[in-house]
file protein_12.cif (mmCIF, C-alpha atoms)
data_work
#
loop_
_atom_site.label_atom_id
_atom_site.label_comp_id
_atom_site.auth_asym_id
_atom_site.auth_seq_id
_atom_site.Cartn_x
_atom_site.Cartn_y
_atom_site.Cartn_z
CA MET F 751 115.34 -43.06 -120.57
CA PRO F 752 118.14 -40.44 -120.78
CA ASN F 753 118.03 -37.70 -118.14
CA SER F 754 118.89 -34.70 -120.21
CA TYR F 755 119.04 -33.41 -123.74
CA LEU F 756 119.72 -29.84 -122.58
CA ASN F 757 122.85 -29.47 -124.70
CA SER F 758 121.47 -31.27 -127.74
CA LYS F 759 119.75 -30.17 -130.93
CA LEU F 760 116.40 -31.41 -129.57
CA LYS F 761 113.90 -28.62 -128.96
CA ILE F 762 110.33 -28.88 -127.65
CA PHE F 763 107.89 -25.99 -128.04
CA SER F 764 104.38 -25.66 -126.72
CA LEU F 765 101.54 -23.61 -128.13
CA ASN F 766 98.38 -22.70 -126.21
CA SER F 767 96.19 -25.81 -126.44
CA ASN F 768 97.75 -28.01 -123.75
CA GLN F 769 100.55 -26.25 -121.89
CA SER F 770 100.44 -28.54 -118.85
CA LEU F 771 100.89 -31.69 -120.96
CA ALA F 772 103.75 -30.05 -122.87
CA GLU F 773 105.52 -29.28 -119.60
CA GLU F 774 105.12 -32.91 -118.50
CA ILE F 775 106.47 -34.18 -121.83
CA ALA F 776 109.49 -31.85 -121.66
CA GLN F 777 110.21 -33.11 -118.15
CA GLU F 778 110.00 -36.73 -119.35
CA VAL F 779 112.45 -36.00 -122.17
CA GLY F 780 114.79 -33.95 -119.98
CA VAL F 781 114.64 -30.57 -121.72
CA GLU F 782 113.17 -27.19 -120.95
CA LEU F 783 110.37 -25.93 -123.15
CA GLY F 784 111.55 -23.65 -125.94
CA GLN F 785 110.91 -19.94 -125.67
CA CYS F 786 108.18 -18.58 -127.91
CA THR F 787 105.30 -16.15 -127.59
CA VAL F 788 101.85 -16.50 -129.10
CA LYS F 789 99.91 -13.24 -129.31
CA GLN F 790 96.93 -11.90 -131.21
CA PHE F 791 96.47 -8.67 -133.11
CA SER F 792 93.36 -6.67 -132.22
CA ASP F 793 91.44 -8.27 -135.10
CA GLY F 794 92.24 -11.79 -133.87
CA GLU F 795 95.13 -12.62 -136.21
CA ILE F 796 97.76 -14.82 -134.56
CA GLN F 797 101.33 -13.64 -134.16
CA ILE F 798 104.10 -16.06 -133.14
CA ASN F 799 107.67 -15.17 -132.24
CA ILE F 800 110.33 -17.84 -131.61
CA GLU F 801 112.73 -16.33 -129.06
CA GLU F 802 115.74 -18.61 -129.47
CA SER F 803 117.79 -20.04 -132.32
CA ILE F 804 116.52 -23.33 -133.72
CA ARG F 805 118.79 -23.48 -136.80
CA GLY F 806 119.68 -27.10 -137.55
CA CYS F 807 117.56 -28.40 -134.64
CA ASP F 808 115.07 -31.25 -134.48
CA VAL F 809 111.99 -29.38 -133.23
CA PHE F 810 108.90 -30.96 -131.66
CA VAL F 811 105.76 -28.81 -131.34
CA ILE F 812 103.10 -29.92 -128.85
CA GLN F 813 99.59 -28.90 -129.88
CA SER F 814 96.23 -30.66 -129.63
CA THR F 815 93.67 -29.28 -132.06
CA CYS F 816 90.90 -29.29 -129.47
CA SER F 817 88.54 -26.42 -128.61
CA PRO F 818 88.93 -23.69 -129.82
CA VAL F 819 89.75 -25.98 -132.75
CA ASN F 820 90.25 -23.44 -135.53
CA GLU F 821 92.38 -21.13 -133.40
CA ASN F 822 94.61 -23.99 -132.24
CA LEU F 823 94.97 -25.28 -135.80
CA MET F 824 95.99 -21.85 -137.11
CA GLU F 825 98.48 -21.45 -134.25
CA LEU F 826 100.05 -24.74 -135.29
CA LEU F 827 100.22 -23.90 -139.00
CA ILE F 828 101.76 -20.48 -138.30
CA MET F 829 104.28 -22.05 -135.89
CA VAL F 830 105.33 -24.60 -138.51
CA ASP F 831 105.84 -21.82 -141.05
CA ALA F 832 107.93 -19.85 -138.54
CA LEU F 833 110.09 -22.90 -137.77
CA LYS F 834 110.64 -23.64 -141.45
CA ARG F 835 111.75 -20.04 -142.11
CA ALA F 836 114.06 -20.19 -139.07
CA SER F 837 115.95 -23.15 -140.62
CA ALA F 838 114.83 -25.97 -138.31
CA LYS F 839 116.31 -29.28 -139.44
CA THR F 840 113.08 -31.21 -138.85
CA ILE F 841 109.62 -30.03 -137.75
CA ASN F 842 107.81 -32.74 -135.81
CA ILE F 843 104.20 -32.07 -134.86
CA VAL F 844 103.07 -33.79 -131.68
CA MET F 845 99.28 -33.76 -131.88
CA PRO F 846 97.83 -35.79 -128.99
CA TYR F 847 94.32 -35.02 -130.29
CA TYR F 848 93.84 -34.69 -134.06
CA GLY F 849 90.85 -32.42 -134.63
CA TYR F 850 88.54 -32.78 -137.64
CA ALA F 851 89.31 -36.53 -137.73
CA ARG F 852 85.64 -37.52 -137.54
CA GLN F 853 85.08 -36.38 -141.12
CA ASP F 854 87.34 -38.99 -142.71
CA ARG F 855 85.17 -40.01 -145.69
CA LYS F 856 82.18 -38.87 -147.72
CA ALA F 857 79.24 -40.40 -145.88
CA ARG F 858 76.77 -38.28 -147.86
CA ALA F 859 76.83 -36.35 -151.10
CA ARG F 860 78.72 -33.03 -151.12
CA GLU F 861 80.46 -33.61 -147.79
CA PRO F 862 84.08 -32.53 -147.19
CA ILE F 863 86.84 -34.85 -145.98
CA THR F 864 88.34 -32.57 -143.36
CA ALA F 865 90.77 -35.16 -141.95
CA LYS F 866 92.53 -35.14 -145.35
CA LEU F 867 92.33 -31.33 -145.59
CA VAL F 868 94.13 -30.95 -142.23
CA ALA F 869 96.81 -33.42 -143.38
CA ASN F 870 97.32 -31.35 -146.54
CA LEU F 871 97.57 -28.13 -144.54
CA LEU F 872 100.22 -29.56 -142.20
CA GLU F 873 102.29 -30.88 -145.10
CA THR F 874 102.03 -27.66 -147.09
CA ALA F 875 103.03 -25.59 -144.04
CA GLY F 876 106.27 -27.62 -143.86
CA ALA F 877 105.88 -30.36 -141.26
CA THR F 878 108.35 -33.24 -141.44
CA ARG F 879 106.55 -35.74 -139.20
CA VAL F 880 103.37 -36.10 -137.16
CA ILE F 881 103.14 -37.98 -133.86
CA THR F 882 99.54 -38.51 -132.84
CA LEU F 883 97.45 -40.60 -130.48
CA ASP F 884 94.39 -42.75 -131.24
CA LEU F 885 93.19 -41.34 -134.54
CA HIS F 886 89.42 -41.63 -134.91
CA ALA F 887 90.01 -43.76 -138.02
CA PRO F 888 93.43 -45.47 -138.38
CA GLN F 889 93.31 -45.06 -142.16
CA ILE F 890 93.87 -41.31 -141.68
CA GLN F 891 97.55 -42.28 -141.54
CA GLY F 892 97.26 -42.84 -145.28
CA PHE F 893 96.18 -39.23 -145.82
CA PHE F 894 99.78 -38.13 -145.10
CA ASP F 895 102.74 -38.26 -147.47
CA ILE F 896 105.07 -37.35 -144.59
CA LEU F 897 106.10 -39.62 -141.71
CA ILE F 898 103.45 -40.39 -139.11
CA ASP F 899 103.69 -42.27 -135.81
CA HIS F 900 100.32 -43.40 -134.48
CA LEU F 901 100.44 -44.14 -130.74
CA MET F 902 97.76 -46.03 -128.81
CA GLY F 903 96.02 -45.11 -125.56
CA VAL F 904 94.83 -48.67 -124.78
CA PRO F 905 98.03 -49.66 -122.89
CA ILE F 906 97.63 -46.68 -120.53
CA LEU F 907 93.93 -47.36 -119.94
CA GLY F 908 94.53 -51.11 -119.59
CA GLU F 909 97.26 -50.58 -117.01
CA TYR F 910 94.89 -48.50 -114.90
CA PHE F 911 92.31 -51.29 -114.78
CA LEU F 912 94.95 -53.95 -114.09
CA GLU F 913 96.23 -51.94 -111.12
CA LYS F 914 92.65 -51.83 -109.80
CA GLY F 915 92.47 -55.63 -110.06
CA PHE F 916 90.11 -55.75 -113.07
CA ASN F 917 91.22 -59.05 -114.56
CA ASN F 918 88.68 -61.58 -113.35
CA GLU F 919 85.98 -63.69 -114.97
CA ASP F 920 83.25 -61.17 -114.10
CA LEU F 921 84.64 -58.64 -116.59
CA VAL F 922 83.40 -57.81 -120.12
CA ILE F 923 84.78 -55.14 -122.47
CA VAL F 924 82.09 -53.37 -124.46
CA SER F 925 82.38 -51.47 -127.72
CA PRO F 926 79.68 -48.77 -128.01
CA ASP F 927 79.45 -49.42 -131.78
CA HIS F 928 80.67 -51.76 -134.49
CA GLY F 929 83.46 -49.38 -135.52
CA GLY F 930 85.19 -49.65 -132.14
CA VAL F 931 85.41 -53.45 -131.98
CA THR F 932 89.15 -53.54 -132.75
CA ARG F 933 89.85 -51.10 -129.90
CA ALA F 934 87.66 -53.10 -127.51
CA ARG F 935 89.43 -56.32 -128.50
CA LYS F 936 92.85 -54.82 -127.75
CA LEU F 937 91.73 -53.85 -124.24
CA ALA F 938 90.06 -57.23 -123.80
CA GLU F 939 93.32 -59.00 -124.65
CA ARG F 940 95.16 -57.00 -121.99
CA LEU F 941 92.52 -57.71 -119.34
CA LYS F 942 91.89 -61.30 -120.54
CA ALA F 943 88.17 -60.62 -120.85
CA PRO F 944 85.46 -61.30 -123.45
CA ILE F 945 83.91 -58.51 -125.51
CA ALA F 946 80.37 -57.35 -126.22
CA ILE F 947 79.05 -54.88 -128.79
CA ILE F 948 76.30 -52.27 -128.62
CA ASP F 949 74.38 -52.36 -131.88
CA LYS F 950 73.12 -48.82 -132.36
CA ARG F 951 71.74 -46.60 -135.09
CA ARG F 952 72.70 -42.92 -135.34
CA PRO F 953 69.86 -40.92 -137.00
CA LYS F 954 71.93 -37.70 -137.09
CA PRO F 955 75.27 -36.39 -135.70
CA ASN F 956 75.62 -36.44 -131.90
CA VAL F 957 72.34 -38.37 -131.56
CA ALA F 958 72.59 -42.10 -130.87
CA GLU F 959 69.90 -44.71 -130.42
CA VAL F 960 70.80 -47.97 -128.70
CA MET F 961 69.29 -50.97 -130.46
CA ASN F 962 70.53 -54.16 -128.77
CA ILE F 963 73.55 -55.78 -127.10
CA VAL F 964 75.57 -58.53 -128.75
CA GLY F 965 77.34 -60.67 -126.12
CA ASN F 966 76.84 -61.82 -122.53
CA ILE F 967 76.88 -58.97 -120.00
CA ASP F 968 74.49 -60.38 -117.38
CA GLY F 969 75.95 -60.08 -113.88
CA LYS F 970 79.27 -58.76 -115.18
CA ILE F 971 81.34 -55.62 -114.66
CA ALA F 972 81.26 -53.86 -118.04
CA ILE F 973 83.98 -51.52 -119.31
CA LEU F 974 82.93 -49.33 -122.23
CA ILE F 975 85.81 -48.09 -124.39
CA ASP F 976 85.79 -45.41 -127.10
CA ASP F 977 88.38 -43.11 -128.67
CA ILE F 978 86.40 -39.87 -128.28
CA ILE F 979 83.62 -38.86 -125.90
CA ASP F 980 82.08 -35.63 -127.17
CA THR F 981 78.52 -34.89 -126.00
CA ALA F 982 78.49 -38.27 -124.13
CA GLY F 983 75.16 -39.27 -125.67
CA THR F 984 76.45 -42.57 -127.05
CA ILE F 985 78.40 -43.63 -123.98
CA THR F 986 75.68 -42.77 -121.43
CA LEU F 987 72.92 -44.45 -123.45
CA ALA F 988 75.15 -47.51 -123.75
CA ALA F 989 75.88 -47.54 -120.01
CA ASN F 990 72.21 -47.27 -119.11
CA ALA F 991 71.34 -50.04 -121.59
CA LEU F 992 74.01 -52.31 -120.08
CA VAL F 993 72.61 -51.87 -116.57
CA GLU F 994 69.06 -52.43 -117.80
CA ASN F 995 70.20 -55.67 -119.44
CA GLY F 996 71.84 -57.06 -116.31
CA ALA F 997 75.35 -55.60 -116.01
CA LYS F 998 76.46 -55.36 -112.37
CA GLU F 999 78.56 -52.17 -112.79
CA VAL F 1000 79.59 -50.02 -115.72
CA TYR F 1001 82.91 -48.21 -116.17
CA ALA F 1002 83.83 -46.19 -119.24
CA CYS F 1003 87.12 -45.04 -120.72
CA CYS F 1004 88.35 -43.04 -123.69
CA THR F 1005 91.53 -41.40 -124.94
CA HIS F 1006 90.12 -38.02 -125.95
CA PRO F 1007 87.70 -36.28 -123.51
CA VAL F 1008 86.16 -33.63 -125.78
CA LEU F 1009 83.21 -33.42 -123.32
CA SER F 1010 81.29 -30.61 -125.00
CA GLY F 1011 77.75 -29.33 -124.45
CA PRO F 1012 75.72 -31.47 -122.03
CA ALA F 1013 78.45 -34.14 -121.63
CA ILE F 1014 79.32 -33.56 -117.96
CA GLU F 1015 75.69 -33.43 -116.86
CA ARG F 1016 74.92 -36.61 -118.81
CA ILE F 1017 77.88 -38.48 -117.31
CA ASP F 1018 77.02 -37.31 -113.80
CA ASN F 1019 73.42 -38.52 -114.18
CA SER F 1020 74.28 -41.79 -115.93
CA LYS F 1021 74.87 -45.33 -114.67
CA ILE F 1022 78.64 -44.93 -115.28
CA LYS F 1023 80.48 -45.55 -112.02
CA GLU F 1024 83.78 -44.06 -113.23
CA LEU F 1025 85.01 -42.51 -116.48
CA ILE F 1026 88.74 -42.83 -117.16
CA VAL F 1027 90.25 -40.43 -119.72
CA THR F 1028 93.71 -39.19 -120.71
CA ASN F 1029 95.07 -35.64 -120.78
CA SER F 1030 95.36 -35.50 -124.58
CA ILE F 1031 92.79 -32.71 -124.14
CA PRO F 1032 93.03 -30.50 -121.01
CA LEU F 1033 89.99 -30.46 -118.74
CA ASN F 1034 88.82 -27.41 -116.84
CA GLU F 1035 88.13 -27.74 -113.13
CA ASP F 1036 84.37 -27.74 -113.76
CA LYS F 1037 84.76 -30.86 -115.92
CA LEU F 1038 86.83 -32.82 -113.41
CA ILE F 1039 83.83 -34.17 -111.50
CA ASP F 1040 84.19 -37.03 -109.01
CA LYS F 1041 83.28 -39.62 -111.64
CA ILE F 1042 86.17 -38.65 -113.95
CA SER F 1043 89.78 -39.82 -113.54
CA GLN F 1044 92.46 -38.43 -115.86
CA LEU F 1045 95.66 -40.31 -116.79
CA SER F 1046 98.76 -38.75 -118.33
CA VAL F 1047 100.05 -39.64 -121.80
CA ALA F 1048 103.29 -37.68 -121.19
CA PRO F 1049 105.50 -40.77 -120.52
CA LEU F 1050 104.30 -42.41 -123.76
CA ILE F 1051 104.76 -39.30 -125.91
CA GLY F 1052 108.05 -38.43 -124.21
CA GLU F 1053 109.43 -41.88 -125.01
CA ALA F 1054 108.22 -41.55 -128.61
CA ILE F 1055 110.01 -38.20 -128.99
CA ILE F 1056 113.26 -39.66 -127.65
CA ARG F 1057 113.03 -42.65 -130.00
CA VAL F 1058 112.34 -40.42 -133.01
CA TYR F 1059 115.24 -38.11 -132.09
CA GLU F 1060 117.63 -41.04 -131.58
CA GLN F 1061 116.33 -42.80 -134.73
CA GLN F 1062 115.21 -45.84 -132.76
CA SER F 1063 112.15 -48.00 -133.36
CA VAL F 1064 108.86 -46.45 -132.31
CA SER F 1065 106.76 -49.50 -133.24
CA THR F 1066 107.15 -51.08 -129.80
CA LEU F 1067 105.09 -48.19 -128.41
CA PHE F 1068 102.20 -48.88 -130.79
CA ASP F 1069 100.84 -51.83 -128.82
#
call {"tool": "encode", "arguments": {"input": "protein_12.cif", "output": "structure tokens"}}
result
Amino acid sequence: MPNSYLNSKLKIFSLNSNQSLAEEIAQEVGVELGQCTVKQFSDGEIQINIEESIRGCDVFVIQSTCSPVNENLMELLIMVDALKRASAKTINIVMPYYGYARQDRKARAREPITAKLVANLLETAGATRVITLDLHAPQIQGFFDILIDHLMGVPILGEYFLEKGFNNEDLVIVSPDHGGVTRARKLAERLKAPIAIIDKRRPKPNVAEVMNIVGNIDGKIAILIDDIIDTAGTITLAANALVENGAKEVYACCTHPVLSGPAIERIDNSKIKELIVTNSIPLNEDKLIDKISQLSVAPLIGEAIIRVYEQQSVSTLFD
């Protein structure tokens, strides 16, 4: 990885959602973060000022659309508009967490498809490319008519478990639902372990009911994997069900720790021994309880930015 792009046309800017991750990414790439200010008028309108020339530059904007989701999304859209009007050569959005991705289809009559709406907004604002991590539904890539690079968190999570020596016959990788089987299989391949599936029914949003477990988990160390943990209802019910059905220990991991509402309390009181997450979403001190370990995605995203800038293949980072 090159040491420095300080004299190049590569610029990295950070908005307010994840400043610490942006600083890590800039360090990985070898640049200083671009100078910009994000302020609000007294009525809450967002004002952005870019304080250096970016004419003819390849600009990368780091912004997760996590809580406060709408504010962070508007910051991003306004920043893209500002960059376009300041004659940036390319505007590359680095969105470690893509908000509104859970509404990716019409599950019921008269529902919106917000994942597509956000894609339309980013394109209309003037984005050239989107780099994102573990979309809730991979087909969201098809909602964009601009370039999109979809990175995966499984290699980072898998490496953590390998370093802890989790590659023996007593291991089983568990998907908390049928939709996450592909993700569970990718982790299982890295750890050379079988998979199991929690068959559950969700009566309404953020309420999950565990039905039964498909696969052998008796006497094994189970690792639950999901892309997002929000209120932690699904993951904690699954962990408790695994222990009740004979699992020796239960670990859990996810890429995006939304952790809203009662999530922390549920995790703390659950059978989960350790929850491993990434820093695609920043966690406050009160959320970093002893059970939670946070891994950095900065090396992965930094390498992706360098490859995009140098017009090299990014596909090797997908696996």
call {"tool": "closest_residue", "arguments": {"input": "protein_12.cif", "among": "F:Tyr1059, F:Asp920, F:Pro1032, F:Lys950", "to": "Val1000 (chain F)", "atoms": "all atoms listed in the file"}}
result
F:Asp920
call {"tool": "resolve_selection", "arguments": {"input": "protein_12.cif", "expression": "the PyMOL selection byres ((chain F and resi 805) around 9)", "output": "list in words"}}
result
Lys759, Ser803, Ile804, Gly806, Cys807, Asp808, Leu833, Ala836, Ser837, Ala838 and Lys839 of chain F
call {"tool": "atom_distance", "arguments": {"input": "protein_12.cif", "atom1": "CA of Asp1018 (chain F)", "atom2": "CA of Ser1043 (chain F)"}}
result
13.0 Å
call {"tool": "resolve_selection", "arguments": {"input": "protein_12.cif", "expression": "the PyMOL selection byres ((chain F and resi 1056) around 10)", "output": "list in words"}}
result
Met751, Pro752, Tyr755, Leu760, Glu778, Val779, Gly780, Ile1051, Gly1052, Glu1053, Ala1054, Ile1055, Arg1057, Val1058, Tyr1059, Glu1060, Gln1061, Gln1062 and Val1064 of chain F
call {"tool": "resolve_selection", "arguments": {"input": "protein_12.cif", "expression": "the PyMOL selection byres ((chain F and resi 845-861) around 9)", "output": "VMD selection string"}}
result
chain F and resid 811 to 817 819 823 843 to 844 862 to 868 880 to 887 889 to 890 901 1005 to 1006 1029 to 1031 1047 1051
call {"tool": "atom_distance", "arguments": {"input": "protein_12.cif", "atom1": "CA of Asp968 (chain F)", "atom2": "CA of Arg940 (chain F)"}}
result
21.4 Å
call {"tool": "closest_residue", "arguments": {"input": "protein_12.cif", "among": "F:Ile775, F:Val1027, F:Ala989, F:Leu783", "to": "Ile971 (chain F)", "atoms": "all atoms listed in the file"}}
result
F:Ala989
call {"tool": "residues_around", "arguments": {"input": "protein_12.cif", "residues": "Ile1042 (chain F)", "least_positions_apart": "2", "cutoff": "8 Å", "atoms": "only C-alpha atoms", "output": "list of chain:residue names"}}
result
F:Glu1024, F:Leu1025, F:Ile1026, F:Val1027, F:Leu1038, F:Ile1039, F:Asp1040, F:Gln1044
call {"tool": "closest_residue", "arguments": {"input": "protein_12.cif", "among": "F:Leu974, F:Leu912, F:Leu937, F:Leu897", "to": "Val924 (chain F)", "atoms": "only C-alpha atoms"}}
result
F:Leu974
call {"tool": "atom_distance", "arguments": {"input": "protein_12.cif", "atom1": "CA of Gly965 (chain F)", "atom2": "CA of Ser925 (chain F)"}}
result
10.6 Å
call {"tool": "residues_around", "arguments": {"input": "protein_12.cif", "residues": "Lys998 (chain F)", "least_positions_apart": "5", "cutoff": "9 Å", "atoms": "all atoms listed in the file", "output": "number ranges by chain"}}
result
F: 967-972, 992-993
call {"tool": "residues_around", "arguments": {"input": "protein_12.cif", "residues": "region 932-934 of chain F", "least_positions_apart": "5", "cutoff": "10 Å", "atoms": "all atoms listed in the file", "output": "list in words"}}
result
Asp884, Met902, Gly903, Val904, Val922, Ile923, Val924, Ser925, Pro926, Asp927, Glu939, Pro944, Ile945, Ala946, Ile947, Ile973, Leu974, Ile975, Asp976 and Asp977 of chain F
